[in-house]
Every structure is written in C-alpha cells, then in structure tokens.
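Read the structure below first, then the notes.
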Amino acid sequence: SPKHKYYKEINEVIAEHIKYAAKLDIDNTWELIHDEGEMKVFKREMEEDGMVVDPLKAVHTVKGITGHEVCHYFWNPDVRMEWEGTLESAQVLDWFSEDTCVCYQIHKKVWPTTQREALFWTQIRHVPNEDEDEDGPDYWIVCNYSIPDHDKCPASKNVRINMNVAMVCETSMEPPSSHDGEITRDHITCRITYAANVNPGGWAPASVLRAVYKREYPKFLKRFTQYVMDQTKDKPIMF
Ligand SMILES: O=S(=O)(CCO)c1ccc(-c2ccc(C3CCCC3)c([C@H]3C[C@H]3c3ccccn3)c2)cc1
C-alpha cells in the first residue's frame with residue numbers, strides 16, 4: 001500500500017527510542033523522583049519558553065507478563081479508557097496500517113491548569129534480536145508522537161500538548177532447566193523503560209507542574225502495569 005504521510009517520521013522516531021532504550025543511560029543528569037519496589041522514576045528539569053518540559057524516564061521490572069503483552073495493552077486504543085485514569089475521552093481518527101493509528105484524547109483537567117488534549121500517532125512494533133546469537137536484545141515498543149493536525153480532529157478550546165512518549169519492553173525467561181520445558185508466567189519477567197517528553201502546550205506554574213508530574217507518573221505506571229497483570233493472569237502468554 002502507498003506509504004502514508006508519516007511513514008518516514010515514524011521510522012526515525014522509533015529508531016531513536018530503540019537506540020535510547022538500549023543504552024539505558026541513567027546517569028547523574030537524571031534525578032530520582034520516585035523509588036518504589038522495582039519501579040524507579042526519574043526526571044530532568046528542562047524549560048522551553050519558560051514552560052516546564054521535564055523529560056521523564058521510568059524503569060520498572062514486572063514478573064509474570066511479557067513485553068508483547070505490556071505493549072499490546074498500552075497501544076490498543078480499544079482499552080485505553082480502561083486503564084488511563086487521567087483521560088476524559090479517547091478516540092481513533094485514522095488507521096495508517098494495522099499497527100499504526102491516529103488518536104485524539106482529552107485529558108481530565110488538572111487543577112489549576114487548563115484542560116489539555118493530545119493528537120498523536122501511535123505504533124506498536126516488535127524489534128526481534130537481529131544478530132545470529134540467541135541472547136541479543138528483543139524489544140517490543142509502543143511510541144505515541146504528536147502530530148500538528150488531522151482533518152478529522154474535532155475543534156476545541158483545550159490546550160494541545162506536544163508529546164513524544166515511548167514504552168520499550170524486553171522480556172526475559174528463566175532457563176529451561178528450571179522448568180521441564182513448559183514456560184509458565186512464573187518464569188517470565190518484563191523490563192519496562194518508559195520515556196515521556198511532554199510539552200504542556202500552554203503556560204502552567206513550574207512548581208504546580210512538577211508536583212503533578214511527581215504524583216501522576218508513578219500512579220499512572222503502577223495502575224497500567226497492574227491492569228496488564230489483571231488482564232493477562234488467566235490468559236495464554238503472548239510471547
Ligand atoms: O503515556 S501516554 O502516552 C498514555 C496515553 O495517554 C501519556 C501519558 C501522560 C500524558 C500527559 C499529558 C498531560 C500532562 C499535563 C500537562 C499539563 C497538565 C497535564 C501530563 C502530566 C501531568 C502528568 C501526567 C502523568 C501521567 C498521566 C497523566 N498526567 C501527562 C500524555 C500521554
């Protein structure tokens with residue numbers, strides 16, 4: 001099928017996220033803002049035109065689910081409202097391919113900021129281990145990336161955020177010796193790297209935004225991963 005308008009951009013943005021996640025360079029420029037069990041959430045303090053645009057990075061290790069399952073539920077627009085507690089509405093405006101669509105979503109108002117909305121493409125992709133030896137990295141990735149407009153985008157008075165978000169997952173399985181062949185959920189672990197670059201789109205007090213980020217991101221990641229565990233616990237494993 002003819003390539004769609006964003007085909008080139010999507011490949012570049014995804015490649016960048018994979019390169020970044022593979023490095024996982026949590027150096028001292030990242031400030032730890034939340035440390036709970038296996039979940040660590042970091043931020044960098046950055047401002048653009050006086051607006052807080054702090055990049056956020058989280059690493060989380062979850063037993064019993066795979067990277068494919070985490071990415072499937074994070075990407076699937078049909079279930080977005082089931083786990084994303086900060087949304088007022090979410091809809092698909094367009095499908096570029098079976099793994100790529102355009103979403104329009106309105107976030108619940110976060111006092112005292114004005115209501116926000118997002119228009120973005122979202123793609124799920126499996127990046128298998130490309131080198132011959134078995135233990136190369138195998139990623140599942142979802143990227144949500146803002147686009148400036150879309151002819152089906154509803155007119156609204158909300159402030160439009162600009163975001164570049166990626167969920168990159170790597171699954172590890174215990175060696176077959178520890179289980180006679182049949183892999184169960186007890187033998188799998190998913191390592192999640194979540195990166196969010198959100199420009200709020202309109203001015204909001206830095207102290208307020210930083211407090212909201214500090215509260216909302218850990219809550220969001222906990223709620224989402226719990227949702228995936230609940231949805232998958234009695235289902236066959238999606239490898
Ligand atoms: O991972 S996703 O792609 C999932 C798809 O929904 C994602 C997650 C979060 C956001 C988002 C959007 C707006 C805000 C702010 C900006 C000024 C006022 C609201 C925030 C800050 C407030 C933080 C936050 C973190 C997590 C969830 C909601 N709120 C975050 C966007 C996309």
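Following the order of the structure tokens, chains are lettered A, B, ..., residues in each are numbered from 1, and ligands are numbered from 1.
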Write out as a Markdown table a residue-level contact list of chain A versus ligand 1 with cut-off 6 Å: for each qualifying residue the closest pair of atoms and the distance in Å to one decimal, counting only C-alpha atoms and all ligand atoms, rows sorted by chain and residue number upward.
```
| residue | atom | partner | partner_atom_place_in_ligand_line | distance |
| --- | --- | --- | --- | --- |
| A:Thr86 | CA | ligand 1 | 28 (C) | 5.2 |
| A:Val110 | CA | ligand 1 | 18 (C) | 5.6 |
| A:Thr113 | CA | ligand 1 | 18 (C) | 5.9 |
| A:Asn144 | CA | ligand 1 | 3 (O) | 5.4 |
| A:Val165 | CA | ligand 1 | 3 (O) | 5.4 |
| A:Pro200 | CA | ligand 1 | 16 (C) | 4.2 |
| A:Val212 | CA | ligand 1 | 22 (C) | 5.3 |
| A:Tyr213 | CA | ligand 1 | 23 (C) | 4.4 |
| A:Glu216 | CA | ligand 1 | 25 (C) | 4.4 |
| A:Tyr217 | CA | ligand 1 | 25 (C) | 4.2 |
| A:Phe220 | CA | ligand 1 | 26 (C) | 5.3 |
```
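Every protein, DNA or RNA residue with an atom at most 10 Å from Ser89 of chain A, where only C-alpha atoms count and chain neighbours fewer than 4 positions away do not, is listed here: Arg80, Met81, Glu84, Tyr104, Gln105, Ile106, His107, Lys108 and Glu117 of chain A.
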Determine, for each residue of segment 46-87 of chain A having at least one atom at most 12 Å from an atom of segment 14-22 of chain A, the closest pair of atoms and their separation in Å to one decimal, counting only C-alpha atoms; order by chain and ascending number, as a tab-separated table.
```
residue	atom	partner	partner_atom	distance
A:Lys57	CA	A:Ala21	CA	10.0
A:Ala58	CA	A:Ala21	CA	10.8
A:Val59	CA	A:Ala21	CA	10.0
```
Those in segment 39-126 of chain A with strand (DSSP E) from DSSP, as number ranges by chain: A: 39-43, 47-48, 51-52, 56-63, 87-97, 100-107, 116-126
Taking 6 positions as the minimum chain separation for residues in the same chain, which residues sit within 10 Å of Lys152 of chain A when counting only C-alpha atoms? Answer as a PyMOL selection string. chain A and resi 92-94+102+104
Go ahead and save the residues from that selection, with N, CA and C atoms, as a PDB file, in the first residue's frame.
```pdb
ATOM      1  N   VAL A  92     -10.089   7.051  18.007  1.00  0.00           N
ATOM      2  CA  VAL A  92      -9.198   6.831  16.866  1.00  0.00           C
ATOM      3  C   VAL A  92      -9.746   7.649  15.695  1.00  0.00           C
ATOM      4  N   LEU A  93      -8.889   8.471  15.088  1.00  0.00           N
ATOM      5  CA  LEU A  93      -9.325   9.293  13.951  1.00  0.00           C
ATOM      6  C   LEU A  93      -8.977   8.645  12.623  1.00  0.00           C
ATOM      7  N   ASP A  94      -7.935   7.747  12.631  1.00  0.00           N
ATOM      8  CA  ASP A  94      -7.433   7.263  11.341  1.00  0.00           C
ATOM      9  C   ASP A  94      -6.550   6.031  11.596  1.00  0.00           C
ATOM     10  N   VAL A 102      -4.053   7.062  14.404  1.00  0.00           N
ATOM     11  CA  VAL A 102      -4.030   8.430  14.939  1.00  0.00           C
ATOM     12  C   VAL A 102      -5.098   8.506  16.031  1.00  0.00           C
ATOM     13  N   TYR A 104      -6.990  10.834  19.199  1.00  0.00           N
ATOM     14  CA  TYR A 104      -7.284  12.165  19.744  1.00  0.00           C
ATOM     15  C   TYR A 104      -7.841  11.944  21.139  1.00  0.00           C
TER      16      TYR A 104
END
```
DSSP alpha helix (DSSP H) selection over segment 8-151 of chain A, as an mmCIF file with N, CA, C and O atoms, in the first residue's frame:
```
data_model
loop_
_atom_site.group_PDB
_atom_site.id
_atom_site.type_symbol
_atom_site.label_atom_id
_atom_site.label_comp_id
_atom_site.auth_asym_id
_atom_site.auth_seq_id
_atom_site.Cartn_x
_atom_site.Cartn_y
_atom_site.Cartn_z
ATOM 1 N N LYS A 8 7.921 7.961 7.102
ATOM 2 C CA LYS A 8 9.353 8.228 7.335
ATOM 3 C C LYS A 8 9.579 8.698 8.781
ATOM 4 O O LYS A 8 10.439 8.183 9.496
ATOM 5 N N GLU A 9 8.731 9.634 9.226
ATOM 6 C CA GLU A 9 8.884 10.189 10.591
ATOM 7 C C GLU A 9 8.783 9.065 11.618
ATOM 8 O O GLU A 9 9.597 8.986 12.551
ATOM 9 N N ILE A 10 7.816 8.174 11.431
ATOM 10 C CA ILE A 10 7.594 7.102 12.424
ATOM 11 C C ILE A 10 8.845 6.233 12.529
ATOM 12 O O ILE A 10 9.325 5.948 13.625
ATOM 13 N N ASN A 11 9.408 5.863 11.398
ATOM 14 C CA ASN A 11 10.607 5.010 11.445
ATOM 15 C C ASN A 11 11.771 5.716 12.138
ATOM 16 O O ASN A 11 12.499 5.105 12.922
ATOM 17 N N GLU A 12 11.903 7.016 11.896
ATOM 18 C CA GLU A 12 13.013 7.751 12.534
ATOM 19 C C GLU A 12 12.798 7.851 14.046
ATOM 20 O O GLU A 12 13.700 7.598 14.841
ATOM 21 N N VAL A 13 11.555 8.178 14.453
ATOM 22 C CA VAL A 13 11.278 8.371 15.888
ATOM 23 C C VAL A 13 11.442 7.052 16.645
ATOM 24 O O VAL A 13 12.059 6.986 17.705
ATOM 25 N N ILE A 14 10.936 5.980 16.052
ATOM 26 C CA ILE A 14 11.029 4.658 16.713
ATOM 27 C C ILE A 14 12.494 4.228 16.833
ATOM 28 O O ILE A 14 12.938 3.785 17.894
ATOM 29 N N ALA A 15 13.265 4.431 15.755
ATOM 30 C CA ALA A 15 14.682 4.037 15.782
ATOM 31 C C ALA A 15 15.407 4.791 16.899
ATOM 32 O O ALA A 15 16.214 4.210 17.637
ATOM 33 N N GLU A 16 15.054 6.045 17.068
ATOM 34 C CA GLU A 16 15.688 6.868 18.113
ATOM 35 C C GLU A 16 15.374 6.306 19.503
ATOM 36 O O GLU A 16 16.259 6.163 20.350
ATOM 37 N N HIS A 17 14.114 5.927 19.711
ATOM 38 C CA HIS A 17 13.729 5.386 21.022
ATOM 39 C C HIS A 17 14.432 4.066 21.314
ATOM 40 O O HIS A 17 14.868 3.818 22.432
ATOM 41 N N ILE A 18 14.589 3.247 20.275
ATOM 42 C CA ILE A 18 15.242 1.941 20.487
ATOM 43 C C ILE A 18 16.699 2.166 20.860
ATOM 44 O O ILE A 18 17.204 1.598 21.828
ATOM 45 N N LYS A 19 17.329 3.107 20.154
ATOM 46 C CA LYS A 19 18.749 3.397 20.422
ATOM 47 C C LYS A 19 18.891 3.854 21.880
ATOM 48 O O LYS A 19 19.735 3.387 22.625
ATOM 49 N N TYR A 20 17.965 4.722 22.290
ATOM 50 C CA TYR A 20 17.988 5.281 23.651
ATOM 51 C C TYR A 20 17.750 4.215 24.716
ATOM 52 O O TYR A 20 18.477 4.113 25.695
ATOM 53 N N ALA A 21 16.732 3.395 24.459
ATOM 54 C CA ALA A 21 16.372 2.397 25.487
ATOM 55 C C ALA A 21 17.501 1.384 25.625
ATOM 56 O O ALA A 21 17.816 0.944 26.721
ATOM 57 N N ALA A 22 18.128 1.049 24.498
ATOM 58 C CA ALA A 22 19.203 0.046 24.534
ATOM 59 C C ALA A 22 20.332 0.564 25.425
ATOM 60 O O ALA A 22 20.910 -0.152 26.215
ATOM 61 N N LYS A 23 20.600 1.894 25.328
ATOM 62 C CA LYS A 23 21.699 2.453 26.144
ATOM 63 C C LYS A 23 21.301 2.482 27.612
ATOM 64 O O LYS A 23 22.067 2.180 28.495
ATOM 65 N N GLY A 67 6.751 -8.417 27.357
ATOM 66 C CA GLY A 67 6.827 -7.103 26.695
ATOM 67 C C GLY A 67 5.759 -6.971 25.630
ATOM 68 O O GLY A 67 5.175 -5.895 25.443
ATOM 69 N N HIS A 68 5.441 -8.112 24.980
ATOM 70 C CA HIS A 68 4.384 -8.066 23.970
ATOM 71 C C HIS A 68 3.052 -7.693 24.637
ATOM 72 O O HIS A 68 2.304 -6.855 24.128
ATOM 73 N N GLU A 69 2.782 -8.286 25.789
ATOM 74 C CA GLU A 69 1.511 -8.003 26.496
ATOM 75 C C GLU A 69 1.476 -6.550 26.987
ATOM 76 O O GLU A 69 0.478 -5.847 26.808
ATOM 77 N N VAL A 70 2.578 -6.071 27.564
ATOM 78 C CA VAL A 70 2.607 -4.679 28.048
ATOM 79 C C VAL A 70 2.348 -3.731 26.875
ATOM 80 O O VAL A 70 1.500 -2.833 26.954
ATOM 81 N N CYS A 71 3.044 -3.969 25.773
ATOM 82 C CA CYS A 71 2.885 -3.057 24.617
ATOM 83 C C CYS A 71 1.511 -3.189 23.993
ATOM 84 O O CYS A 71 0.898 -2.186 23.598
ATOM 85 N N HIS A 72 0.983 -4.408 23.954
ATOM 86 C CA HIS A 72 -0.350 -4.613 23.366
ATOM 87 C C HIS A 72 -1.396 -3.779 24.112
ATOM 88 O O HIS A 72 -2.170 -3.040 23.489
ATOM 89 N N TYR A 73 -1.401 -3.849 25.438
ATOM 90 C CA TYR A 73 -2.426 -3.127 26.210
ATOM 91 C C TYR A 73 -2.162 -1.624 26.272
ATOM 92 O O TYR A 73 -3.084 -0.827 26.369
ATOM 93 N N PHE A 74 -0.870 -1.244 26.153
ATOM 94 C CA PHE A 74 -0.565 0.200 26.162
ATOM 95 C C PHE A 74 -0.989 0.817 24.832
ATOM 96 O O PHE A 74 -1.472 1.943 24.777
ATOM 97 N N TRP A 75 -0.828 0.026 23.762
ATOM 98 C CA TRP A 75 -1.114 0.536 22.410
ATOM 99 C C TRP A 75 -2.596 0.458 22.054
ATOM 100 O O TRP A 75 -3.123 1.395 21.439
ATOM 101 N N ARG A 80 -7.904 1.811 26.093
ATOM 102 C CA ARG A 80 -7.212 2.967 26.685
ATOM 103 C C ARG A 80 -7.977 3.539 27.876
ATOM 104 O O ARG A 80 -7.431 3.780 28.936
ATOM 105 N N MET A 81 -9.289 3.669 27.718
ATOM 106 C CA MET A 81 -10.070 4.278 28.812
ATOM 107 C C MET A 81 -10.182 3.351 30.018
ATOM 108 O O MET A 81 -10.549 3.784 31.103
ATOM 109 N N GLU A 82 -9.857 2.061 29.848
ATOM 110 C CA GLU A 82 -9.965 1.130 30.988
ATOM 111 C C GLU A 82 -8.828 1.336 31.971
ATOM 112 O O GLU A 82 -8.961 1.065 33.145
ATOM 113 N N TRP A 83 -7.666 1.781 31.512
ATOM 114 C CA TRP A 83 -6.532 1.885 32.449
ATOM 115 C C TRP A 83 -6.061 3.331 32.609
ATOM 116 O O TRP A 83 -5.439 3.650 33.618
#
```
Nearest-residue call for His187 of chain A, choices A:Ile141, A:Leu209, A:Ile237, A:Cys101, using only C-alpha atoms: A:Ile237
Separation of atom CA of Ile192 of chain A from atom CA of Met167 of chain A, in Å and rounded to one decimal: 6.9 Å
When distances are computed from only C-alpha atoms, which of A:Glu174, A:Glu48, A:Glu130, A:Asp78 shows the smallest separation from Val198 of chain A? A:Glu48
Spatial neighbours of Pro218 of chain A, 10 Å, only C-alpha atoms, chain gap at least 5 places, as a list of chain:residue names: A:Ile33, A:His34, A:Asp35, A:Glu36, A:Met39, A:Lys40, A:Val41, A:Ala58, A:Tyr213, A:Arg223, A:Phe224
Dump all heavy atoms for the selected residues as a compact mmCIF listing (two decimals), in the first residue's frame?
```txt
# COMPACT_ATOMS: atom_id res chain seq x y z
N ILE A 33 12.88 10.65 41.24
CA ILE A 33 11.75 11.32 41.92
C ILE A 33 10.79 10.34 42.57
O ILE A 33 9.90 10.73 43.32
CB ILE A 33 10.96 12.26 40.97
CG1 ILE A 33 10.39 11.51 39.76
CG2 ILE A 33 11.82 13.42 40.52
CD1 ILE A 33 9.42 12.36 38.93
N HIS A 34 10.97 9.03 42.24
CA HIS A 34 10.08 8.04 42.87
C HIS A 34 10.77 6.69 42.84
O HIS A 34 11.27 6.28 41.78
CB HIS A 34 8.74 7.98 42.11
CG HIS A 34 7.72 7.12 42.78
ND1 HIS A 34 6.85 7.60 43.74
CD2 HIS A 34 7.42 5.80 42.62
CE1 HIS A 34 6.06 6.61 44.14
NE2 HIS A 34 6.39 5.51 43.48
N ASP A 35 10.82 6.03 43.98
CA ASP A 35 11.52 4.74 44.03
C ASP A 35 10.66 3.80 44.88
O ASP A 35 10.57 3.95 46.09
CB ASP A 35 12.90 4.95 44.70
CG ASP A 35 13.73 3.66 44.61
OD1 ASP A 35 13.16 2.64 44.18
OD2 ASP A 35 14.92 3.69 44.99
N GLU A 36 9.95 2.90 44.17
CA GLU A 36 9.01 2.04 44.91
C GLU A 36 9.16 0.62 44.39
O GLU A 36 8.78 0.33 43.26
CB GLU A 36 7.58 2.56 44.72
CG GLU A 36 6.52 1.80 45.50
CD GLU A 36 5.11 2.32 45.18
OE1 GLU A 36 4.99 3.35 44.47
OE2 GLU A 36 4.15 1.66 45.61
N MET A 39 10.06 -0.21 40.69
CA MET A 39 9.80 0.93 39.82
C MET A 39 10.62 2.14 40.26
O MET A 39 10.56 2.56 41.42
CB MET A 39 8.31 1.32 39.84
CG MET A 39 8.04 2.57 39.00
SD MET A 39 6.32 2.89 38.67
CE MET A 39 5.60 2.87 40.20
N LYS A 40 11.39 2.68 39.33
CA LYS A 40 12.15 3.90 39.59
C LYS A 40 11.75 4.92 38.53
O LYS A 40 11.73 4.62 37.35
CB LYS A 40 13.66 3.64 39.53
CG LYS A 40 14.17 2.76 40.69
CD LYS A 40 15.65 2.51 40.61
CE LYS A 40 16.20 1.77 41.84
NZ LYS A 40 15.28 0.83 42.49
N VAL A 41 11.43 6.14 38.98
CA VAL A 41 11.01 7.19 38.07
C VAL A 41 11.99 8.35 38.20
O VAL A 41 12.32 8.78 39.30
CB VAL A 41 9.57 7.67 38.39
CG1 VAL A 41 9.10 8.72 37.39
CG2 VAL A 41 8.61 6.49 38.42
N ALA A 58 11.20 6.23 33.23
CA ALA A 58 10.91 5.27 34.31
C ALA A 58 11.41 3.90 33.89
O ALA A 58 11.35 3.54 32.71
CB ALA A 58 9.41 5.24 34.58
N TYR A 213 3.53 16.17 37.94
CA TYR A 213 4.34 15.11 37.30
C TYR A 213 4.75 14.09 38.35
O TYR A 213 4.62 12.89 38.14
CB TYR A 213 5.60 15.71 36.66
CG TYR A 213 5.39 16.34 35.30
CD1 TYR A 213 4.22 17.00 34.98
CD2 TYR A 213 6.40 16.30 34.33
CE1 TYR A 213 4.04 17.59 33.75
CE2 TYR A 213 6.22 16.89 33.09
CZ TYR A 213 5.04 17.52 32.80
OH TYR A 213 4.86 18.10 31.58
N ARG A 223 -0.75 1.84 37.95
CA ARG A 223 -2.12 1.46 37.57
C ARG A 223 -2.09 0.68 36.26
O ARG A 223 -2.77 -0.33 36.10
CB ARG A 223 -2.97 2.73 37.44
CG ARG A 223 -4.37 2.48 36.93
CD ARG A 223 -5.16 3.77 36.85
NE ARG A 223 -6.37 3.56 36.05
CZ ARG A 223 -7.55 4.02 36.42
NH1 ARG A 223 -7.67 4.74 37.50
NH2 ARG A 223 -8.61 3.79 35.66
N PHE A 224 -1.24 1.14 35.32
CA PHE A 224 -1.19 0.48 34.00
C PHE A 224 -0.63 -0.93 34.12
O PHE A 224 -1.20 -1.90 33.60
CB PHE A 224 -0.36 1.30 33.00
CG PHE A 224 -0.08 0.55 31.73
CD1 PHE A 224 -1.12 0.22 30.86
CD2 PHE A 224 1.20 0.09 31.45
CE1 PHE A 224 -0.87 -0.52 29.72
CE2 PHE A 224 1.45 -0.66 30.30
CZ PHE A 224 0.41 -0.96 29.44
```
Shortest interatomic distance to Trp121 of chain A - which of A:Glu88, A:Asn164, A:Glu31, A:Pro154, counting only C-alpha atoms: A:Asn164
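One finds atom CA of Cys190 of chain A at 19.0 Å from atom CA of Phe42 of chain A.
Separating atom CA of Asp99 of chain A from atom CA of Asp230 of chain A is a distance of 23.6 Å.
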Between A:Ala90, A:Val159, A:Ala118, A:Ala166, smallest distance to Ser146 of chain A by only C-alpha atoms belongs to A:Ala118
